[in-house]
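What follows is the content of work_38.txt, which has compact mmCIF, C-alpha atoms:
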# COMPACT_ATOMS: atom_id res chain seq x y z
CA MET A 8 9.22 34.59 -30.67
CA VAL A 9 6.57 37.28 -31.28
CA ARG A 10 4.00 34.57 -31.79
CA LYS A 11 4.93 32.93 -28.48
CA ARG A 12 4.61 36.24 -26.62
CA ALA A 13 1.18 36.77 -28.18
CA GLN A 14 0.13 33.27 -27.11
CA ARG A 15 1.30 33.96 -23.57
CA ARG A 16 -0.71 37.21 -23.52
CA VAL A 17 -3.83 35.34 -24.64
CA SER A 18 -3.39 32.62 -22.01
CA ARG A 19 -2.87 35.24 -19.29
CA ALA A 20 -6.04 37.00 -20.38
CA LYS A 21 -7.92 33.69 -20.25
CA GLU A 22 -6.58 32.98 -16.77
CA ALA A 23 -7.67 36.43 -15.62
CA ALA A 24 -11.15 35.77 -16.98
CA HIS A 25 -11.34 32.53 -14.99
CA GLY A 26 -9.32 33.89 -12.11
CA ASN A 27 -11.50 32.30 -9.47
CA GLN A 28 -10.80 28.79 -10.76
CA ARG A 29 -7.04 29.17 -10.76
CA GLU A 30 -4.97 27.27 -8.27
CA GLY A 31 -4.65 28.84 -4.83
CA ILE A 32 -3.85 32.54 -4.35
CA LEU A 33 -7.31 34.08 -4.27
CA TYR A 34 -9.71 32.58 -1.78
CA ASN A 35 -13.18 33.73 -2.43
CA ALA A 36 -15.64 33.06 0.38
CA GLU A 37 -18.32 32.55 -2.25
CA MET A 38 -16.64 29.48 -3.71
CA ILE A 39 -15.97 25.91 -2.64
CA ARG A 40 -12.37 25.40 -1.58
CA VAL A 41 -11.01 21.98 -2.59
CA CYS A 42 -7.76 20.82 -1.00
CA MET A 43 -5.72 17.93 -2.40
CA PRO A 44 -3.00 17.41 0.22
CA GLN A 45 -1.03 14.75 -1.68
CA LYS A 46 -0.77 16.99 -4.72
CA LYS A 47 -0.09 19.97 -2.45
CA LYS A 48 -2.75 21.78 -4.42
CA GLU A 49 -5.83 23.86 -3.62
CA ILE A 50 -8.46 25.04 -6.05
CA GLU A 51 -11.70 26.99 -5.86
CA ILE A 52 -14.81 25.84 -7.64
CA PRO A 53 -18.14 27.69 -7.81
CA GLY A 54 -20.89 25.94 -5.86
CA PRO A 55 -23.19 24.41 -4.98
CA LYS A 56 -21.87 21.08 -6.23
CA ARG A 57 -22.21 17.42 -5.41
CA VAL A 58 -19.09 15.66 -4.17
CA MET A 59 -19.00 13.47 -7.30
CA ASP A 60 -18.96 16.61 -9.48
CA LEU A 61 -16.11 18.09 -7.45
CA ILE A 62 -14.11 14.88 -7.93
CA ALA A 63 -14.83 14.98 -11.67
CA GLU A 64 -13.57 18.59 -11.86
CA THR A 65 -10.27 17.59 -10.29
CA GLY A 66 -9.85 14.80 -12.85
CA MET A 67 -9.50 12.08 -10.20
CA ARG A 68 -11.25 8.70 -10.22
CA PRO A 69 -14.12 8.48 -7.69
CA SER A 70 -13.11 4.99 -6.57
CA THR A 71 -9.59 6.17 -5.72
CA VAL A 72 -10.39 9.01 -3.32
CA ILE A 73 -12.19 9.76 -0.09
CA VAL A 74 -13.69 13.20 0.42
CA THR A 75 -13.61 14.66 3.90
CA GLN A 76 -14.81 17.79 5.64
CA GLU A 77 -13.26 18.36 9.06
CA LYS A 78 -13.94 15.04 10.84
CA LYS A 79 -16.70 13.95 8.46
CA LEU A 80 -16.52 11.60 5.52
CA LEU A 81 -18.74 12.77 2.66
CA THR A 82 -20.73 10.48 0.37
CA LYS A 83 -20.57 11.08 -3.38
CA ASP A 84 -24.08 12.56 -3.51
CA HIS A 85 -23.44 15.05 -0.68
CA ARG A 86 -24.07 18.66 -1.72
CA VAL A 87 -21.30 21.13 -0.94
CA GLU A 88 -22.17 24.82 -0.66
CA ASP A 89 -20.16 27.93 -1.48
CA GLY A 90 -17.80 28.95 1.31
CA GLU A 91 -17.23 25.35 2.46
CA THR A 92 -13.87 23.53 2.35
CA VAL A 93 -13.41 19.86 1.45
CA ASN A 94 -10.36 17.61 1.21
CA ILE A 95 -9.95 15.09 -1.56
CA ILE A 96 -7.54 12.41 -0.36
CA SER A 97 -6.13 9.82 -2.72
CA VAL A 98 -6.19 6.29 -1.29
CA VAL A 99 -3.90 4.71 -3.89
CA SER A 100 -0.59 3.44 -2.61
CA GLY A 101 2.13 2.24 -4.94
CA GLY A 102 5.12 -0.01 -4.77
CA MET B 9 -28.53 8.85 2.10
CA LYS B 10 -29.32 6.62 5.09
CA CYS B 11 -27.20 3.80 6.45
CA ARG B 12 -28.42 0.50 4.97
CA ARG B 13 -27.65 -1.39 8.17
CA CYS B 14 -29.18 0.65 11.02
CA ARG B 15 -31.49 2.63 8.67
CA LYS B 16 -31.33 5.58 11.08
CA ALA B 17 -28.07 7.50 10.82
CA ALA B 18 -26.83 9.30 7.73
CA ALA B 19 -24.43 7.27 5.61
CA ALA B 20 -20.77 8.32 5.61
CA ILE B 21 -19.59 5.88 2.97
CA GLU B 22 -21.24 4.11 0.07
CA LEU B 23 -19.87 0.84 -1.28
CA PRO B 24 -21.31 -0.01 -4.71
CA SER B 25 -19.47 -3.35 -4.74
CA HIS B 26 -21.52 -4.42 -1.71
CA HIS B 27 -24.72 -2.54 -2.74
CA ALA B 28 -24.43 -0.81 0.61
CA ALA B 29 -23.92 2.47 2.42
CA PHE B 30 -22.95 2.75 6.07
CA CYS B 31 -22.85 5.25 8.92
CA PRO B 32 -19.47 5.28 10.74
CA GLU B 33 -20.52 2.86 13.51
CA CYS B 34 -22.04 0.34 11.11
CA PHE B 35 -19.04 0.68 8.78
CA PHE B 36 -16.71 -0.37 11.61
CA VAL B 37 -18.84 -3.49 12.13
CA PHE B 38 -18.83 -4.21 8.37
CA PHE B 39 -15.08 -3.69 8.04
CA LYS B 40 -14.17 -5.94 10.94
CA LYS B 41 -16.54 -8.59 9.65
CA GLN B 42 -14.78 -8.53 6.28
CA VAL B 43 -11.36 -8.91 7.93
CA ARG B 44 -12.64 -11.67 10.22
CA GLU B 45 -14.10 -13.55 7.23
CA GLY B 46 -10.83 -13.15 5.34
CA ILE B 47 -8.88 -14.59 8.28
CA LYS B 48 -11.35 -17.45 8.71
CA LYS B 49 -11.63 -18.39 5.04
CA HIS B 50 -7.93 -19.17 4.62
CA ARG B 51 -7.12 -19.85 8.30
CA LEU B 52 -4.66 -16.99 8.41
CA LEU B 53 -4.43 -16.73 12.18
CA SER B 54 -5.27 -18.77 15.25
CA PRO B 55 -6.45 -17.12 18.50
CA GLY B 56 -3.16 -17.88 20.29
CA ASP B 57 -0.85 -16.59 17.55
CA ARG B 58 1.78 -13.98 18.38
CA VAL B 59 1.61 -11.67 15.39
CA LEU B 60 4.36 -9.39 14.13
CA VAL B 61 2.59 -6.60 12.24
CA CYS B 62 4.79 -4.86 9.69
CA VAL B 63 3.93 -1.17 9.87
CA SER B 64 5.11 1.51 7.47
CA GLY B 65 3.15 4.47 8.85
CA GLY B 66 0.69 4.26 5.94
CA LYS B 67 -3.03 3.64 6.22
CA ASP B 68 -3.11 -0.08 5.48
CA SER B 69 -0.54 -1.26 8.00
CA LEU B 70 -1.75 0.99 10.82
CA VAL B 71 -5.37 -0.01 10.19
CA LEU B 72 -4.31 -3.66 10.18
CA TRP B 73 -2.56 -3.28 13.52
CA ASP B 74 -5.59 -1.43 14.93
CA VAL B 75 -8.05 -4.11 13.79
CA LEU B 76 -5.93 -7.03 14.98
CA MET B 77 -5.52 -5.43 18.40
CA ASP B 78 -9.28 -4.80 18.60
CA MET B 79 -9.88 -8.45 17.70
CA GLY B 80 -7.75 -9.50 20.65
CA TYR B 81 -4.65 -10.83 18.90
CA GLU B 82 -1.31 -10.52 20.65
CA THR B 83 0.57 -8.15 18.37
CA GLU B 84 3.78 -6.17 18.14
CA GLY B 85 4.59 -3.64 15.41
CA LEU B 86 7.76 -3.73 13.34
CA TYR B 87 8.84 -0.54 11.61
CA ILE B 88 11.75 -0.57 9.16
CA ASP B 89 13.29 2.86 8.70
CA LEU B 90 14.32 2.78 5.03
CA GLY B 91 16.61 5.78 5.33
CA ILE B 92 14.68 7.88 2.81
CA GLU B 93 15.30 11.51 3.68
CA GLY B 94 12.22 13.25 5.05
CA TYR B 95 9.72 10.52 4.19
CA SER B 96 11.19 7.97 6.61
CA ASP B 97 11.29 10.50 9.45
CA ARG B 98 7.67 11.48 8.95
CA SER B 99 6.38 7.91 8.66
CA ARG B 100 8.40 6.86 11.71
CA GLU B 101 6.83 9.66 13.76
CA LYS B 102 3.36 8.47 12.78
CA VAL B 103 4.14 4.88 13.78
CA ILE B 104 5.56 5.88 17.15
CA ALA B 105 2.66 8.27 17.87
CA TYR B 106 0.07 5.61 16.97
CA ALA B 107 1.83 2.89 18.99
CA GLU B 108 2.15 5.12 22.06
CA ALA B 109 -1.54 6.03 21.88
CA ARG B 110 -2.30 2.29 22.06
CA GLY B 111 0.24 1.67 24.81
CA LYS B 112 2.73 -0.08 22.52
CA GLN B 113 6.39 0.31 21.67
CA PRO B 114 7.21 -0.54 18.06
CA ILE B 115 10.29 -2.58 17.17
CA ILE B 116 12.41 -0.31 14.97
CA VAL B 117 15.08 -1.39 12.50
CA GLU B 118 17.17 1.44 11.04
CA LEU B 119 18.67 0.57 7.69
CA THR B 120 21.12 3.47 7.93
CA LYS B 121 22.57 1.89 11.08
CA GLU B 122 22.58 -1.50 9.33
CA GLY B 123 24.70 0.07 6.59
CA ILE B 124 22.11 -0.36 3.84
CA PRO B 125 19.81 2.68 3.47
CA ILE B 126 17.62 2.03 0.41
CA PRO B 127 18.39 5.12 -1.77
CA GLU B 128 22.16 4.74 -1.34
CA ALA B 129 22.06 0.97 -1.77
CA ALA B 130 20.07 1.37 -5.02
CA ARG B 131 22.63 3.85 -6.35
CA CYS B 132 25.56 1.64 -5.38
CA VAL B 133 24.27 -1.59 -6.95
CA ARG B 134 22.27 0.10 -9.75
CA MET B 135 19.05 -1.73 -8.99
CA GLN B 136 15.46 -0.57 -8.56
CA GLU B 137 14.78 0.78 -5.07
CA CYS B 138 11.61 -1.33 -4.73
CA SER B 139 13.54 -4.48 -5.57
CA ILE B 140 16.16 -3.86 -2.89
CA CYS B 141 13.48 -2.78 -0.43
CA GLY B 142 11.63 -6.10 -0.95
CA THR B 143 14.73 -8.19 -0.30
CA VAL B 144 15.71 -6.20 2.79
CA LYS B 145 12.20 -6.11 4.26
CA ARG B 146 11.62 -9.83 3.84
CA TYR B 147 14.94 -10.51 5.51
CA PHE B 148 14.07 -8.44 8.58
CA PHE B 149 10.48 -9.73 8.75
CA ASN B 150 11.87 -13.24 9.10
CA ARG B 151 14.76 -12.36 11.36
CA ILE B 152 12.73 -10.28 13.84
CA ALA B 153 9.89 -12.84 13.81
CA LYS B 154 12.32 -15.62 14.61
CA GLU B 155 14.18 -13.64 17.27
CA GLY B 156 10.93 -12.53 18.91
CA ARG B 157 9.33 -16.01 18.62
CA PHE B 158 6.36 -14.77 16.63
CA ASN B 159 4.07 -17.31 14.94
CA ALA B 160 3.01 -15.02 12.13
CA VAL B 161 4.11 -12.00 10.14
CA ALA B 162 1.18 -9.84 8.99
CA THR B 163 1.34 -7.22 6.25
CA GLY B 164 -1.27 -4.65 5.23
CA HIS B 165 -1.75 -5.74 1.60
CA ASN B 166 -5.35 -5.07 0.63
CA LEU B 167 -7.66 -6.20 -2.16
CA ASP B 168 -6.43 -3.48 -4.55
CA ASP B 169 -2.79 -4.47 -3.97
CA GLU B 170 -3.44 -8.16 -4.44
CA SER B 171 -5.70 -7.83 -7.49
CA ALA B 172 -3.19 -5.44 -9.15
CA ARG B 173 -0.41 -7.90 -8.43
CA LEU B 174 -2.51 -10.72 -9.84
CA LEU B 175 -3.20 -8.76 -13.03
CA GLY B 176 0.52 -8.02 -13.40
CA ASN B 177 1.44 -11.66 -12.85
CA ILE B 178 -1.12 -12.80 -15.42
CA PHE B 179 -0.04 -10.10 -17.85
CA HIS B 180 3.51 -11.42 -17.81
CA TRP B 181 2.52 -15.05 -17.17
CA GLN B 182 4.69 -15.19 -14.09
CA ARG B 183 3.68 -18.72 -13.22
CA GLU B 184 6.07 -18.96 -10.31
CA HIS B 185 4.68 -15.76 -8.78
CA LEU B 186 1.12 -16.90 -9.49
CA ALA B 187 1.80 -20.15 -7.70
CA ARG B 188 2.94 -18.24 -4.63
CA GLN B 189 0.30 -15.50 -4.63
CA HIS B 190 -1.93 -16.13 -1.66
CA PRO B 191 -2.95 -14.31 1.55
CA HIS B 192 -1.51 -17.20 3.53
CA LEU B 193 2.05 -18.42 2.99
CA PRO B 194 2.43 -21.18 5.58
CA ALA B 195 5.42 -21.64 7.85
CA SER B 196 8.08 -23.84 6.30
CA ALA B 197 9.67 -26.87 7.89
CA GLU B 198 13.06 -25.15 7.54
CA GLY B 199 11.96 -22.41 9.95
CA LEU B 200 10.32 -19.64 7.92
CA VAL B 201 7.49 -17.96 9.83
CA LYS B 202 4.05 -17.93 8.18
CA LYS B 203 3.10 -14.76 6.33
CA VAL B 204 -0.48 -13.50 6.21
CA LYS B 205 -2.41 -10.67 4.58
CA PRO B 206 -5.57 -10.25 6.69
CA LEU B 207 -6.84 -7.23 4.68
CA TRP B 208 -7.10 -9.15 1.40
CA ARG B 209 -10.91 -8.78 1.30
CA VAL B 210 -11.07 -5.00 1.88
CA SER B 211 -10.35 -2.32 -0.69
CA GLU B 212 -7.95 0.58 -0.39
CA LEU B 213 -10.88 2.97 -0.19
CA GLU B 214 -12.41 1.01 2.68
CA THR B 215 -9.09 0.93 4.54
CA ALA B 216 -8.58 4.67 4.08
CA ALA B 217 -12.16 5.38 5.21
CA TYR B 218 -11.70 3.16 8.28
CA GLY B 219 -8.44 4.91 9.16
CA PHE B 220 -10.00 8.35 8.74
CA LEU B 221 -13.14 7.57 10.74
CA LYS B 222 -11.09 5.92 13.50
CA GLU B 223 -8.89 9.05 13.51
CA ILE B 224 -5.73 7.05 12.87
CA ASP B 225 -3.11 9.60 11.91
CA TYR B 226 -1.32 7.94 9.02
CA VAL B 227 1.20 9.35 6.56
CA ILE B 228 -0.77 10.32 3.44
CA GLU B 229 2.21 10.96 1.18
CA GLU B 230 3.46 8.04 -0.86
CA CYS B 231 6.96 6.65 -0.79
CA PRO B 232 8.91 8.85 -3.25
CA MET B 233 10.63 5.72 -4.58
CA SER B 234 7.32 4.20 -5.77
CA GLU B 235 6.28 6.98 -8.16
CA ARG B 236 6.95 4.88 -11.25
CA ALA B 237 5.75 1.57 -9.81
CA THR B 238 4.04 -0.57 -12.44
CA SER B 239 1.47 -1.69 -9.87
CA LEU B 240 -0.07 1.80 -10.16
CA VAL B 241 -0.87 1.15 -13.82
CA TYR B 242 -2.64 -2.12 -12.98
CA LYS B 243 -4.50 -0.39 -10.16
CA GLU B 244 -5.69 2.33 -12.54
CA VAL B 245 -7.00 -0.26 -14.99
CA LEU B 246 -8.78 -2.19 -12.26
CA SER B 247 -10.31 1.02 -10.86
CA LEU B 248 -11.83 1.76 -14.25
CA ILE B 249 -13.31 -1.74 -14.44
CA GLU B 250 -14.52 -1.53 -10.83
CA GLU B 251 -16.31 1.78 -11.48
CA ARG B 252 -18.10 0.37 -14.52
CA MET B 253 -18.76 -3.04 -12.95
CA PRO B 254 -18.77 -2.76 -9.14
CA GLY B 255 -17.57 -5.92 -7.41
CA SER B 256 -15.27 -6.99 -10.27
CA ARG B 257 -12.12 -6.70 -8.19
CA ILE B 258 -13.18 -9.16 -5.49
CA VAL B 259 -14.62 -11.54 -8.10
CA PHE B 260 -11.29 -11.42 -9.95
CA TYR B 261 -9.10 -12.08 -6.92
CA GLN B 262 -11.35 -14.43 -4.99
CA GLY B 263 -12.01 -16.37 -8.17
CA PHE B 264 -8.28 -16.81 -8.58
CA LEU B 265 -7.90 -18.06 -5.01
CA ASP B 266 -10.85 -20.43 -5.28
CA LYS B 267 -10.60 -21.66 -8.86
CA ALA B 268 -7.04 -21.08 -10.00
CA ASN B 269 -5.56 -22.30 -6.77
CA PRO B 270 -4.42 -25.61 -8.33
CA LEU B 271 -1.46 -23.54 -9.58
CA ARG B 272 -0.13 -23.71 -6.05
CA THR B 273 0.09 -27.47 -6.09
CA SER B 274 0.55 -28.27 -9.75
CA GLU B 275 3.75 -29.33 -11.43
CA TRP B 276 4.08 -25.68 -12.60
CA LYS B 277 5.64 -24.82 -9.29
CA ALA B 278 8.40 -27.37 -9.60
CA THR B 279 9.15 -26.70 -13.26
CA ASP B 280 9.11 -22.94 -12.81
CA ALA B 281 11.30 -22.97 -9.74
CA ALA B 282 13.89 -24.82 -11.76
CA SER B 283 13.60 -22.64 -14.86
CA ALA B 284 13.00 -19.17 -13.44
CA PRO B 285 15.97 -16.88 -13.99
CA ALA B 286 17.65 -15.50 -10.89
CA GLY B 287 17.33 -11.80 -10.31
CA THR B 288 14.10 -11.15 -12.25
CA LEU B 289 11.64 -8.68 -10.83
CA ALA B 290 8.11 -9.35 -9.77
CA ASP B 291 5.53 -6.71 -10.60
CA ASP B 292 5.29 -5.79 -6.94
CA GLY B 293 8.96 -4.95 -6.96
CA VAL B 294 10.05 -8.07 -5.13
CA GLU B 295 13.21 -9.55 -6.52
CA TYR B 296 13.12 -13.19 -7.47
CA THR B 297 16.34 -14.90 -6.56
CA SER B 298 16.40 -18.62 -6.96
CA ASP B 299 18.36 -19.01 -3.75
CA ASP B 300 15.73 -17.23 -1.68
CA PRO B 301 13.87 -19.89 0.32
CA GLU B 302 10.64 -17.89 0.08
CA ASN B 303 10.78 -17.69 -3.67
CA GLY B 304 11.92 -21.03 -4.89
CA THR B 305 12.04 -24.69 -4.10
CA LYS B 306 15.49 -25.30 -5.47
CA GLY B 307 17.79 -27.66 -3.58
CA ALA B 308 18.10 -27.95 0.18
CA ALA B 309 17.94 -24.94 2.47
CA ARG B 310 20.90 -24.19 4.74
CA SER B 311 22.04 -21.44 7.08
CA CYS B 312 23.73 -18.35 5.68
CA ALA B 313 27.44 -18.48 6.44
CA SER B 314 27.35 -14.84 7.48
CA CYS B 315 24.12 -14.30 9.44
CA GLY B 316 22.53 -17.72 9.84
CA ALA B 317 19.37 -16.92 7.87
CA LEU B 318 17.81 -19.56 5.64
CA THR B 319 19.23 -19.66 2.11
CA TYR B 320 19.96 -21.99 -0.80
CA ALA B 321 23.36 -20.37 -1.43
CA GLU B 322 26.50 -19.95 0.63
CA THR B 323 25.33 -16.57 1.96
CA CYS B 324 21.79 -15.15 1.87
CA ALA B 325 20.57 -12.51 -0.62
CA TYR B 326 20.60 -9.82 2.07
CA CYS B 327 24.20 -10.46 3.15
CA ARG B 328 25.38 -10.53 -0.47
CA LEU B 329 23.58 -7.26 -1.15
CA LYS B 330 25.02 -5.65 1.97
CA GLU B 331 28.53 -6.77 1.06
CA LEU B 332 28.13 -5.46 -2.48
CA VAL B 333 26.93 -2.08 -1.19
CA ARG B 334 29.89 -1.90 1.21
CA LYS B 335 32.40 -2.64 -1.56
CA ARG B 336 30.88 -0.16 -4.01
CA ARG B 337 30.69 2.50 -1.30
CA GLU B 338 34.40 2.07 -0.55
CA LYS B 339 35.24 2.17 -4.26
CA ARG B 340 33.25 5.37 -4.75
CA ALA B 341 34.88 6.95 -1.70
CA LYS B 342 38.33 6.11 -3.09
CA GLU B 343 37.43 7.57 -6.49
CA THR B 344 36.14 10.76 -4.87
CA ASN B 345 39.20 11.16 -2.65
CA GLY B 346 41.71 10.08 -5.25
Mind turning this structure into structure tokens?
Amino acid sequence: MVRKRAQRRVSRAKEAAHGNQREGILYNAEMIRVCMPQKKKEIEIPGPKRVMDLIAETGMRPSTVIVTQEKKLLTKDHRVEDGETVNIISVVSGG
Amino acid sequence: MKCRRCRKAAAAIELPSHHAAFCPECFFVFFKKQVREGIKKHRLLSPGDRVLVCVSGGKDSLVLWDVLMDMGYETEGLYIDLGIEGYSDRSREKVIAYAEARGKQPIIVELTKEGIPIPEAARCVRMQECSICGTVKRYFFNRIAKEGRFNAVATGHNLDDESARLLGNIFHWQREHLARQHPHLPASAEGLVKKVKPLWRVSELETAAYGFLKEIDYVIEECPMSERATSLVYKEVLSLIEERMPGSRIVFYQGFLDKANPLRTSEWKATDAASAPAGTLADDGVEYTSDDPENGTKGAARSCASCGALTYAETCAYCRLKELVRKRREKRAKETNG
């Protein structure tokens, strides 16, 4: 029990240290905001980063997603700057 | 990155499998050319065909409808409301909104009104939702096509769907399913309307990109019933291969159509139709029932005693399923009340 509490404290401390990369909650204008509508998830990643690197950070396969910004479709080598928002949309349908 | 076709505008999409990158305008040209070639290669449609496009509200079916309309085919959309809480309402809204924007009125079948909403039916008969969905959908595709005098039923299956299905069929050596896997299932003498898959040459990514760039508002969430679909596993495997070796997917599927096509005419078809067990599931969730005229070649086809649809049994698979659901529903109601 005590050990579990200690582990929880450590993980909370780690999360605080990487607070900016945690899901949602804090939106820092100095970061890239990545929205994944199907997963109902939003994360912030420090920029600048290429689209392919953003996809890699989310753990998704590049051939299974399109990356959009407003009405634009972004190529994998497109460079995204801090303060910008992109959507990563999965194209895989099941059934 | 510049567009490889016009060499002027910035590229919006890169396609390693085609060694190409396109701006939106050139991508539309490329995409339509791929669909046109797919239609031409296997003679899926003729210019005068009346096409019933089966739309679910997802990207593939709405893109298919959009492309076929742009190509000048006479089309109508068929939407089957599966009765899945929330998801069906949202997808229905997308279909209606898209159809209205193109001056169309979709044909809508409500399974709740038909007495066979998919989630409840699956619970009642203790079968997989996808299996029931396949039986019910095929029934209405045929029925509506026949009633509306359509020459063809078109579905939005793309290259990823078909190659994943092929891998699954090979994995389990489903020779009967392999024999029937083709983007063109011709009309039968007994009265089944031909079924075509005009998007068989384009990938899921290409379809999604086309839908996005054309501002087609499709439902991005997946059917909640398909979360554990085995086709997703095959898709994942093929995506990995495609990323390492771009173009593998089309080589795999087109190679099957071109080289392995003798399966369609070989004695396998006859022997398998006779030996395949009734009620087994295909990897795409479609139930194989030996009395289904689309699935087997067993005996002589006749009209269903209940609805008149084509069947090899006394009543068709759909009517039997509906009757079973009704009985189980009544039994459950009695148990609850009693």
If we count all atoms listed in the file, which residues of chain A reach to within 6 Å of chain B? Please list them as a CSV table (one decimal) with C-alpha atoms, keeping the file's coordinate frame.
chain,number,residue,atom,x,y,z
A,45,GLN,CA,-1.0,14.8,-1.7
A,80,LEU,CA,-16.5,11.6,5.5
A,81,LEU,CA,-18.7,12.8,2.7
A,82,THR,CA,-20.7,10.5,0.4
A,98,VAL,CA,-6.2,6.3,-1.3
A,101,GLY,CA,2.1,2.2,-4.9
A,102,GLY,CA,5.1,0.0,-4.8
### Task
Have a look at CA of Leu246 in chain B and CA of Pro69 in chain A and let me know their distance in Å, one decimal.
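Going from CA of Leu246 in chain B over to CA of Pro69 in chain A covers 12.8 Å.
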### Message
Report, in Å to a single decimal, how far apart CA of Ile224 in chain B and CA of Val71 in chain B are.
### Response
7.6 Å
### Coordinates-based distance that separates CA of Arg57 in chain A from CA of Val99 in chain A (Å, one decimal)
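Pair CA of Val99 in chain A / CA of Arg57 in chain A returns 22.3 Å.
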#### Entry: From A:Lys48, A:Glu88, A:Val58, A:Met38, residue lying nearest Ile73 in chain A [only C-alpha atoms]
A:Val58
Missing atoms in range 121-139 of chain B: can you complete it with N, CA and C atoms, as an mmCIF file, in the coordinates of the input?
data_model
loop_
_atom_site.group_PDB
_atom_site.id
_atom_site.type_symbol
_atom_site.label_atom_id
_atom_site.label_comp_id
_atom_site.auth_asym_id
_atom_site.auth_seq_id
_atom_site.Cartn_x
_atom_site.Cartn_y
_atom_site.Cartn_z
ATOM 1 N N LYS B 121 21.664 2.487 10.087
ATOM 2 C CA LYS B 121 22.570 1.890 11.080
ATOM 3 C C LYS B 121 23.056 0.514 10.617
ATOM 4 N N GLU B 122 22.212 -0.168 9.832
ATOM 5 C CA GLU B 122 22.580 -1.500 9.330
ATOM 6 C C GLU B 122 23.544 -1.392 8.147
ATOM 7 N N GLY B 123 23.758 -0.164 7.688
ATOM 8 C CA GLY B 123 24.700 0.070 6.590
ATOM 9 C C GLY B 123 24.092 -0.142 5.214
ATOM 10 N N ILE B 124 22.728 -0.107 5.130
ATOM 11 C CA ILE B 124 22.110 -0.360 3.840
ATOM 12 C C ILE B 124 20.840 0.494 3.630
ATOM 13 N N PRO B 125 20.986 1.842 3.751
ATOM 14 C CA PRO B 125 19.810 2.680 3.470
ATOM 15 C C PRO B 125 19.402 2.516 2.003
ATOM 16 N N ILE B 126 18.110 2.410 1.750
ATOM 17 C CA ILE B 126 17.620 2.030 0.410
ATOM 18 C C ILE B 126 18.119 2.948 -0.724
ATOM 19 N N PRO B 127 17.978 4.292 -0.612
ATOM 20 C CA PRO B 127 18.390 5.120 -1.770
ATOM 21 C C PRO B 127 19.875 4.942 -2.114
ATOM 22 N N GLU B 128 20.723 4.897 -1.084
ATOM 23 C CA GLU B 128 22.160 4.740 -1.340
ATOM 24 C C GLU B 128 22.478 3.354 -1.886
ATOM 25 N N ALA B 129 21.834 2.343 -1.305
ATOM 26 C CA ALA B 129 22.060 0.970 -1.770
ATOM 27 C C ALA B 129 21.677 0.832 -3.247
ATOM 28 N N ALA B 130 20.539 1.445 -3.625
ATOM 29 C CA ALA B 130 20.070 1.370 -5.020
ATOM 30 C C ALA B 130 21.071 2.025 -5.969
ATOM 31 N N ARG B 131 21.632 3.148 -5.517
ATOM 32 C CA ARG B 131 22.630 3.850 -6.350
ATOM 33 C C ARG B 131 23.890 3.003 -6.494
ATOM 34 N N CYS B 132 24.305 2.421 -5.378
ATOM 35 C CA CYS B 132 25.560 1.640 -5.380
ATOM 36 C C CYS B 132 25.455 0.419 -6.291
ATOM 37 N N VAL B 133 24.353 -0.328 -6.191
ATOM 38 C CA VAL B 133 24.270 -1.590 -6.950
ATOM 39 C C VAL B 133 23.483 -1.434 -8.253
ATOM 40 N N ARG B 134 23.022 -0.216 -8.518
ATOM 41 C CA ARG B 134 22.270 0.100 -9.750
ATOM 42 C C ARG B 134 21.088 -0.832 -9.948
ATOM 43 N N MET B 135 20.285 -0.932 -8.911
ATOM 44 C CA MET B 135 19.050 -1.730 -8.990
ATOM 45 C C MET B 135 17.880 -0.844 -8.622
ATOM 46 N N GLN B 136 16.652 -1.332 -8.939
ATOM 47 C CA GLN B 136 15.460 -0.570 -8.560
ATOM 48 C C GLN B 136 15.329 -0.541 -7.039
ATOM 49 N N GLU B 137 14.933 0.625 -6.526
ATOM 50 C CA GLU B 137 14.780 0.780 -5.070
ATOM 51 C C GLU B 137 13.796 -0.239 -4.503
ATOM 52 N N CYS B 138 12.665 -0.429 -5.224
ATOM 53 C CA CYS B 138 11.610 -1.330 -4.730
ATOM 54 C C CYS B 138 12.113 -2.766 -4.637
ATOM 55 N N SER B 139 12.998 -3.130 -5.546
ATOM 56 C CA SER B 139 13.540 -4.480 -5.570
ATOM 57 C C SER B 139 14.411 -4.722 -4.336
#
